[in-house]
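Novice: I'd like to ask you about the structure that follows.
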Amino acid sequence: MMKQARELQGKMEQLQTELETLEVQGSAGGGMVNVTMTGKGEMTKVAIDPSLMKEDEREILEDLIVAASADAKGKAERAAQEKMKELTGGLQLPPGLGL
């Protein structure tokens with residue numbers, strides 16, 4: 001049983017590394033704002049359509065960045081959950097042992 005626990009711990013560490021390199025992209029405004037995040041939720045890139053770079057569009061742009069970030073974060077969380085499900089074979093882990 002201890003051997004299995006060590007194997008699971010090693011797989012969990014590998015999964016953490018995979019999530020750091022996994023990239024997901026969220027978008028808003030019909031693709032006018034795109035945000036790229038790692039599987040751990042760290043934002044790495046923001047792409048903004050040049051047509052939004054007007055002073056009177058600033059508030060819209062700010063809202064779209066927030067929406068794209070939320071979209072990317074949701075995708076990152078779902079990807080992490082899927083990878084965890086693959087790792088554990090669908091078994092529920094006790095609270096505190098997840099990602």
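Numbering starts fresh at 1 for the residues of each chain in the structure tokens, the chains themselves are lettered A, B, ... in the order given, and ligands are numbered from 1 as they appear.
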If you run DSSP on the backbone, which residues of segment 40-88 of chain A are strand (DSSP E), as a short mmCIF file (atom, residue, chain, number, x, y, z; two decimals) with N, CA, C and O atoms, in the first residue's frame?
Specialist:
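Listing of selection.cif after writing:
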```
data_model
loop_
_atom_site.label_atom_id
_atom_site.label_comp_id
_atom_site.auth_asym_id
_atom_site.auth_seq_id
_atom_site.Cartn_x
_atom_site.Cartn_y
_atom_site.Cartn_z
N MET A 43 -1.98 33.77 -15.80
CA MET A 43 -2.15 34.42 -17.08
C MET A 43 -0.79 34.68 -17.72
O MET A 43 0.11 35.21 -17.08
N THR A 44 -0.63 34.26 -18.98
CA THR A 44 0.65 34.41 -19.66
C THR A 44 0.59 35.36 -20.85
O THR A 44 1.62 35.87 -21.27
N LYS A 45 -0.61 35.59 -21.39
CA LYS A 45 -0.71 36.44 -22.57
C LYS A 45 -2.11 37.04 -22.70
O LYS A 45 -3.09 36.40 -22.34
N VAL A 46 -2.17 38.26 -23.20
CA VAL A 46 -3.43 38.92 -23.52
C VAL A 46 -3.31 39.46 -24.94
O VAL A 46 -2.33 40.13 -25.27
N ALA A 47 -4.29 39.16 -25.78
CA ALA A 47 -4.31 39.67 -27.15
C ALA A 47 -5.61 40.48 -27.33
O ALA A 47 -6.69 39.99 -27.03
N ILE A 48 -5.46 41.71 -27.80
CA ILE A 48 -6.60 42.62 -27.93
C ILE A 48 -6.70 43.09 -29.37
O ILE A 48 -5.71 43.54 -29.95
#
```
Novice: Ser69 of chain A: which residues within 8 Å, counting only C-alpha atoms, same-chain residues fewer than 3 positions away excluded, as a VMD selection string?
Specialist: chain A and resid 26 to 27 35 43 65 to 66 72 to 73
Novice: My list of candidates is A:Glu59, A:Thr88, A:Ala68, A:Gln9. Which is closest to Gly30 of chain A when distances are computed with only C-alpha atoms?
Specialist: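 Ranking A:Glu59, A:Thr88, A:Ala68, A:Gln9 by distance to Gly30 of chain A, first place goes to A:Ala68.
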Novice: Run DSSP on the backbone and tell me which residues of chain A come out as helix (DSSP H, G or I); list them as a ChimeraX atom specification.
Specialist: /A:2-21,50-52,55-88
Novice: Please provide as a PyMOL selection string all residues within 12 Å of Glu62 of chain A, with the sequence filter that same-chain residues fewer than 4 positions apart are discarded (counting only C-alpha atoms).
Specialist: chain A and resi 28-29+32-33+46+48+52-58+66-69
Novice: Selection from above, N, CA, C and O atoms, as a short mmCIF file (atom, residue, chain, number, x, y, z; two decimals), in the first residue's frame, can you write it?
Specialist:
```
data_model
loop_
_atom_site.label_atom_id
_atom_site.label_comp_id
_atom_site.auth_asym_id
_atom_site.auth_seq_id
_atom_site.Cartn_x
_atom_site.Cartn_y
_atom_site.Cartn_z
N ALA A 28 -13.40 36.57 -25.31
CA ALA A 28 -14.62 37.34 -25.06
C ALA A 28 -14.81 38.31 -26.22
O ALA A 28 -13.86 38.60 -26.96
N GLY A 29 -16.02 38.81 -26.34
CA GLY A 29 -16.31 39.78 -27.39
C GLY A 29 -16.16 39.19 -28.78
O GLY A 29 -15.67 39.86 -29.68
N MET A 32 -12.50 39.13 -29.79
CA MET A 32 -11.78 40.41 -29.84
C MET A 32 -10.76 40.53 -28.72
O MET A 32 -9.80 41.28 -28.83
N VAL A 33 -10.97 39.78 -27.62
CA VAL A 33 -10.00 39.73 -26.52
C VAL A 33 -9.75 38.27 -26.22
O VAL A 33 -10.68 37.49 -26.00
N VAL A 46 -2.17 38.26 -23.20
CA VAL A 46 -3.43 38.92 -23.52
C VAL A 46 -3.31 39.46 -24.94
O VAL A 46 -2.33 40.13 -25.27
N ILE A 48 -5.46 41.71 -27.80
CA ILE A 48 -6.60 42.62 -27.93
C ILE A 48 -6.70 43.09 -29.37
O ILE A 48 -5.71 43.54 -29.95
N LEU A 52 -10.42 47.90 -30.53
CA LEU A 52 -10.85 48.23 -29.17
C LEU A 52 -9.94 49.24 -28.49
O LEU A 52 -10.18 49.64 -27.36
N MET A 53 -8.89 49.67 -29.17
CA MET A 53 -7.90 50.57 -28.57
C MET A 53 -8.29 52.04 -28.74
O MET A 53 -7.51 52.85 -29.20
N LYS A 54 -9.50 52.36 -28.34
CA LYS A 54 -9.98 53.74 -28.41
C LYS A 54 -10.37 54.16 -26.99
O LYS A 54 -10.89 53.36 -26.22
N GLU A 55 -10.14 55.40 -26.69
CA GLU A 55 -10.43 55.90 -25.34
C GLU A 55 -11.89 55.66 -24.95
O GLU A 55 -12.17 55.26 -23.83
N ASP A 56 -12.81 55.88 -25.88
CA ASP A 56 -14.22 55.71 -25.53
C ASP A 56 -14.63 54.24 -25.44
O ASP A 56 -15.73 53.92 -25.03
N GLU A 57 -13.75 53.31 -25.78
CA GLU A 57 -14.00 51.88 -25.69
C GLU A 57 -13.31 51.25 -24.48
O GLU A 57 -13.34 50.04 -24.30
N ARG A 58 -12.65 52.07 -23.67
CA ARG A 58 -11.84 51.56 -22.56
C ARG A 58 -12.64 50.68 -21.61
O ARG A 58 -12.19 49.60 -21.22
N VAL A 66 -11.68 40.98 -18.35
CA VAL A 66 -12.16 40.22 -17.19
C VAL A 66 -12.92 38.98 -17.66
O VAL A 66 -12.70 37.87 -17.14
N ALA A 67 -13.79 39.12 -18.65
CA ALA A 67 -14.58 37.99 -19.15
C ALA A 67 -13.68 36.93 -19.78
O ALA A 67 -13.87 35.72 -19.56
N ALA A 68 -12.71 37.35 -20.57
CA ALA A 68 -11.79 36.39 -21.20
C ALA A 68 -10.95 35.67 -20.15
O ALA A 68 -10.68 34.47 -20.26
N SER A 69 -10.55 36.39 -19.10
CA SER A 69 -9.79 35.77 -18.02
C SER A 69 -10.63 34.71 -17.31
O SER A 69 -10.14 33.62 -17.00
#
```
Novice: Measuring atom to atom with only C-alpha atoms, identify which of A:Asp63, A:Lys75, A:Met2, A:Gly39 is nearest to Leu15 of chain A.
Specialist: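 Ranking A:Asp63, A:Lys75, A:Met2, A:Gly39 by distance to Leu15 of chain A, first place goes to A:Gly39.
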